[in-house]
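The next block holds one structure in the form of structure tokens; read it before the comments.
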Amino acid sequence: MKADVLVIGAGAVGTAITRELTKYRLNVICVDKREDVGGDCSKSNSAIIHTGYDAKPGTLESELVVAANPQYDKLTRDLDIPFKRIGAILPAITDEQFAQLPEIKEKALKNRVYDVQYLSKEQILEMEPNINPEVKGGLFIPRESIIDPFIYVVAMAENAVANGAKFMLETEVTGIRKEGDRVVGAETTKGYIEADYIVNAAGLFCDEIANMVGKFDYTVVPRKGQFYILDKNTGCKVNHIVLPIPTKITKGKLMTPTIHGNMLVGPTAEDLYDKYDKSTNTEGLNSIRDDVTKLIPGVMLQDTITQFCGLRANRNPEGLNIDVYDDVKHYVNLSGVRSTGLTNSVSVGAYVANLLREIGLKMEFNENFIEKRKGIVCIRELSKEEQHKKILENPLYGNIVCRCESVTEGEIVDAIHSPIPAKSVDAIKRRLRAGMGRCQGGFCGPKVIEILARELGCEPKDICKNNSKSYMVCGKVK
Amino acid sequence: MNKITCDVCIVGGGPAGLSAAVAAKKAGAKDVLIVERDEALGGILQQCIHPGFGLKLFKEELTGPEYFGRFVDEANELGVKALLNSMVLEVTADTVTCINGELGVCEISAKAIVLAMGCRERTRANIVIPGTRPAGVYTAGTAQRLINRQNEMVGKKVVILGSGDIGMIMARRMTLEGAKVEAVVEIMDFLAGLTRNRVQCLDDFGIPLLLSHTIIDIKGNDRVESVVIAQVDENKKPIMSTAREIECDTLLLSVGLIPENELTSNAKIEISPITKGPKVNQYMQTSIKSVFACGNVVHVNDLVDNVSAESAKAGESAAKFAAGKLEDSTAVTVETGDNVRYVCPQSVIPADEKVDLYFRVMKPQKGVVITVTDGDNVLFTRKAIKVNPGEMEKATVSVKDITSLMVSVKEA
């Protein structure tokens, strides 16, 4: 196998880089060790497209986040990605927090986020009646937005495929070959891939890839974030992203609607050594309760339909870094892509493409680049007449498999045979929401296993939740 | 779009829907239509291949399929129609909208509607068990479906959380299929399900029941590798010094059922915060008079025999309503007295008839007397050796001229 550019990692950042590179006449391969794109940090986060108002001014992270935010209107329209500009409110509950507001607004200006506005107590309570009535005032950040992070990554990857990129999943890089002072290819669990240029976008595991080219200047320090997801019908909701005023120690815990109408509450921030520790714990979950209650006293965490944990790929020393090296040529290394990674992925794509050009990659504009991508038809969002028509075309659209989120067998079959095929239970869940509702797959799970096995031509025991060892059933009964 | 009309439309073809359909036909309804999302009638009983059904109603012990088979036969003889593979999307006072692969979207106009959607299982997330999120954590009913309907074995080394009936039945089922059930863990200091299930499903197979214990951690990134259990104190808080890890590949949860009422609440029908089901009167009539409800969608039953009885009432009442013959006057709210968590029906219209009041107690109690009173007037009294939240109680009272009703359980 041979590629002009090999991108390691198919998260938000890796897929965005891959897609960006297909705007040029290049042969691009993107590999990921997981069974699906976006299977790690990109799937477990707050699903917010940030403005960068609170970034450290003057940093690369600030530059990339601030540049990324305005791109999302067109991008999400072009690629059929659920996205909403709902805005964020920072309520100051105490006098001390109220005194911090000018400083926060000034920082936003330094980051060139000029549309941050002051809000009075009355304005806040009118916008968000569930905010603590002791609120003194606050800030409004209008362009803070929410997105479907799963569809974002899938859409970027599918569009890249439509433009000629190749994705190799369940393909783990085990070594990088160098000749002299440059890289020439990667050893993987699916064989050797010869590559003129290599981009390390491996997120949590980017330090391990860096070690393979002889770079040991940083380590990844995973920062755990635990969240609650609440039922769409919970009695206490918010309409905006409600963010706490940050303290010296932590950015704090927020409450926001998700793009699909659930409430998301969290995250914690706990530094870890174990990149595989994605467990929730009682202390973490209780701390969310304690903190968010100060912002939204009526929050009903008992309406939770799931709790999850994501790991931010933080690094030590801290900060987002995109590096090229004199002694390791034809190689770009990304590290410290943390909670802003989802947002800045789109500008990281452009930044890395330019960096590759600077270090010698020949880049000719691909005039056949297809800008648009259409997602799987969402039956629940159609009118009754449209649903009727769709079902008459294909009866599988009339067979609802997931009752909580109204997902049909037709949509599941579509996802299995899509450009980035959904081959696991979680891949189906992330694309269609089957199993993401209040019964958490209790009803649709057995049917999804059956449909996956049928469509993929394998046995149910070969169907996994995600990775190859996460089998759902262990064989036939006696 | 397809338009269908009928006298009585029944949402759900499980035991509740089937019994309601049969009763509606017997009470004179002309067109009775069941809308069922599965490919066959019978509901959850299709996967309940164990015996133990029908002891009350038929005075014999049947399996789930045998039990509902009798209703299906009767429904067929009476000419009940069924629309299978059809998911109901919306219910209003006179219309049921569903989708079906062959017909597309169907709008069913009915003179009366019976809600019989049953219930769903509480999940791991509902009870907030911390830990990782690997494959191998199933609700007991999901595992039961995989094993009994899809012939797929879910795991080999199992821990079960919750001593509900399905959990205990699955402990036996998994054992019979060659799995090792390490323990059934129950947070309360009493059994959640029926005593007969503990004897037949756990004791007979030597499966340990650990009362006052819970699961405090789940380990394993891909598939479950172990769970950590601990004893709980009187406030249900885990005592960390008692924590121990049990190696297993599967965790089954039998931690309660929730009536499935999305359609009901979307129709703006009044829901009881305690049962999580629609509030009904003795005719199983909801706050929308043309809409009736029965079975586990109203309140979670422990015996299907009770579901059938109460659903027959709903079907009969729906047929009467469709014919314009159902009693209608101001209802009396049924009050819950000492140690009574809820009573179903929640209200009763005074009439010259006898009404079955089904109720559950809040906590186990021994040597009690159950009473139903209308002010100072005692309408019903019965002594019981013990009462238990896992076993529903019944009191039958005459409701002619009543002005109030209260059910109480007191020390004898």
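The way I read the labels, and the way they are meant: chains A, B, ... in the order of the structure tokens, residue 1 as the first residue of every chain, and ligand 1 as the first ligand shown, with later ones counted on from there.
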Compute the chain A side of the contact with chain B at 7 Å, counting only C-alpha atoms, and hand it back as a PyMOL selection string. chain A and resi 278-282+304-307+384-385+387-388+391-392+395-400+439+442-443+446+465+467+469-478
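Comparing A:Glu144, A:Glu283, A:Asp196, A:Glu371 by their smallest distance to Gly52 of chain A, the closest is A:Glu144 (using only C-alpha atoms).
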Residue neighbourhood segment 329-346 of chain A, 7 Å, only C-alpha atoms, exclusion window fewer than 5 positions, as a ChimeraX atom specification: /A:12-13,16,42,49-50,64-65,68-69,181-183,196-201,203,206,312-315,318-324,359
Return as a PyMOL selection string the full set of residues in segment 171-283 of chain B whose backbone-based DSSP assignment is strand (DSSP E). chain B and resi 180-185+209-210+213-219+226-231+244-247+250-253+257-259
Do a neighbour search on Gly315 of chain B at 6 Å with only C-alpha atoms, toss out local chain neighbours closer than 2 positions, and write the hits as a PyMOL selection string. chain B and resi 20-21+23-24+312-313+317-318
Give me the residues near Gly11 of chain A as a tab-separated table (two decimals) with N, CA and C atoms, in the first residue's frame, where near means some atom within 8 Å (using only C-alpha atoms) and where sequence neighbours in that chain fewer than 6 positions away do not count.
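After the write, result_0.tsv holds the following:
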```tsv
chain	number	residue	atom	x	y	z
A	37	VAL	N	-14.65	5.32	12.94
A	37	VAL	CA	-14.08	6.66	13.06
A	37	VAL	C	-14.66	7.32	14.31
A	38	GLY	N	-13.93	8.27	14.85
A	38	GLY	CA	-14.44	9.02	16.00
A	38	GLY	C	-14.76	8.17	17.20
A	39	GLY	N	-13.99	7.11	17.42
A	39	GLY	CA	-14.36	6.17	18.49
A	39	GLY	C	-13.76	6.49	19.83
A	40	ASP	N	-13.03	7.60	19.96
A	40	ASP	CA	-12.39	7.86	21.25
A	40	ASP	C	-12.81	9.24	21.79
A	41	CYS	N	-11.86	10.17	21.90
A	41	CYS	CA	-12.19	11.49	22.48
A	41	CYS	C	-13.33	12.16	21.72
A	42	SER	N	-13.36	11.96	20.40
A	42	SER	CA	-14.34	12.67	19.58
A	42	SER	C	-15.78	12.25	19.85
A	153	VAL	N	-17.85	13.69	12.71
A	153	VAL	CA	-16.69	12.89	12.31
A	153	VAL	C	-17.05	11.98	11.14
A	201	ALA	N	-2.01	12.19	14.18
A	201	ALA	CA	-3.20	12.79	14.82
A	201	ALA	C	-3.82	11.74	15.72
A	202	ALA	N	-2.98	11.06	16.49
A	202	ALA	CA	-3.43	9.89	17.25
A	202	ALA	C	-4.01	10.24	18.61
A	203	GLY	N	-4.20	11.52	18.88
A	203	GLY	CA	-4.92	11.91	20.10
A	203	GLY	C	-4.28	11.39	21.37
```
Select from segment 158-198 of chain B everything DSSP, run on the backbone, classes as alpha helix (DSSP H), then give the selection as a ChimeraX atom specification. /B:165-176,195-197
Output for the residues just chosen: N, CA and C atoms as a short mmCIF file (atom, residue, chain, number, x, y, z; two decimals), in the first residue's frame:
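Here's the written file part.cif:
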```cif
data_model
loop_
_atom_site.label_atom_id
_atom_site.label_comp_id
_atom_site.auth_asym_id
_atom_site.auth_seq_id
_atom_site.Cartn_x
_atom_site.Cartn_y
_atom_site.Cartn_z
N ASP B 165 -38.48 -10.73 39.78
CA ASP B 165 -38.84 -12.05 39.26
C ASP B 165 -38.04 -12.41 37.99
N ILE B 166 -37.91 -11.46 37.07
CA ILE B 166 -37.21 -11.79 35.82
C ILE B 166 -35.76 -12.15 36.13
N GLY B 167 -35.16 -11.44 37.08
CA GLY B 167 -33.77 -11.71 37.44
C GLY B 167 -33.63 -13.13 37.96
N MET B 168 -34.54 -13.54 38.84
CA MET B 168 -34.44 -14.89 39.42
C MET B 168 -34.71 -15.95 38.36
N ILE B 169 -35.68 -15.68 37.50
CA ILE B 169 -35.99 -16.64 36.44
C ILE B 169 -34.81 -16.78 35.48
N MET B 170 -34.14 -15.65 35.22
CA MET B 170 -32.97 -15.71 34.34
C MET B 170 -31.79 -16.41 35.02
N ALA B 171 -31.71 -16.32 36.35
CA ALA B 171 -30.64 -17.03 37.06
C ALA B 171 -30.79 -18.53 36.78
N ARG B 172 -32.02 -19.02 36.86
CA ARG B 172 -32.27 -20.44 36.59
C ARG B 172 -32.02 -20.76 35.10
N ARG B 173 -32.53 -19.90 34.24
CA ARG B 173 -32.40 -20.14 32.80
C ARG B 173 -30.94 -20.20 32.37
N MET B 174 -30.15 -19.24 32.86
CA MET B 174 -28.72 -19.21 32.52
C MET B 174 -28.03 -20.47 33.04
N THR B 175 -28.40 -20.88 34.24
CA THR B 175 -27.81 -22.08 34.83
C THR B 175 -28.14 -23.31 33.97
N LEU B 176 -29.40 -23.42 33.56
CA LEU B 176 -29.81 -24.56 32.73
C LEU B 176 -29.07 -24.56 31.39
N THR B 195 -41.77 -15.04 46.45
CA THR B 195 -41.06 -16.05 47.24
C THR B 195 -40.92 -17.36 46.46
N ARG B 196 -41.99 -17.73 45.73
CA ARG B 196 -41.93 -19.01 45.02
C ARG B 196 -40.79 -19.02 43.98
N ASN B 197 -40.48 -17.85 43.42
CA ASN B 197 -39.37 -17.80 42.47
C ASN B 197 -38.02 -17.96 43.16
#
```
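Between atom CA of Gly437 of chain A and atom CA of Pro129 of chain A there is a distance of 26.2 Å.
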Do you know which residues are at most 9 Å from His50 of chain B counting only C-alpha atoms, after dropping those on the same chain fewer than 3 positions away, and could you put them as number ranges by chain? B: 47, 53, 62-64, 169, 173
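Shortest separation to Asp374 of chain B among B:Met406, B:Cys201, B:Ala243, B:Cys344 occurs at residue B:Met406, atoms counted being only C-alpha atoms.
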Might you pull out every residue within 12 Å of Gly457 of chain A, with only C-alpha atoms counted and same-chain residues fewer than 6 positions away left off, and present them as a ChimeraX atom specification? /A:416,423,449-451,463
Measuring atom to atom with only C-alpha atoms, identify which of A:Thr76, A:Thr234, A:Gln100, A:Asn239 is nearest to Tyr152 of chain A.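 Once distances to Tyr152 of chain A are computed over only C-alpha atoms, the minimum belongs to A:Thr76.
Residue nearest Asn388 of chain B, chosen from B:Val35, B:Val96, B:Val340, B:Ile402 and counting only C-alpha atoms: B:Val340.
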For Glu103 of chain A, the nearest of the candidates A:Ile193, A:Leu139, A:Val413, A:Val161, counting only C-alpha atoms: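 Of all the options, A:Leu139 lies closest to Glu103 of chain A.
Atom CA of Gln200 of chain B is positioned 26.0 Å from atom CA of Tyr358 of chain B.
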Min atom-atom distance to Lys294 of chain A from the set A:Glu367, A:Glu134, A:Asp36, A:Glu63, counting only C-alpha atoms, belongs to A:Glu134
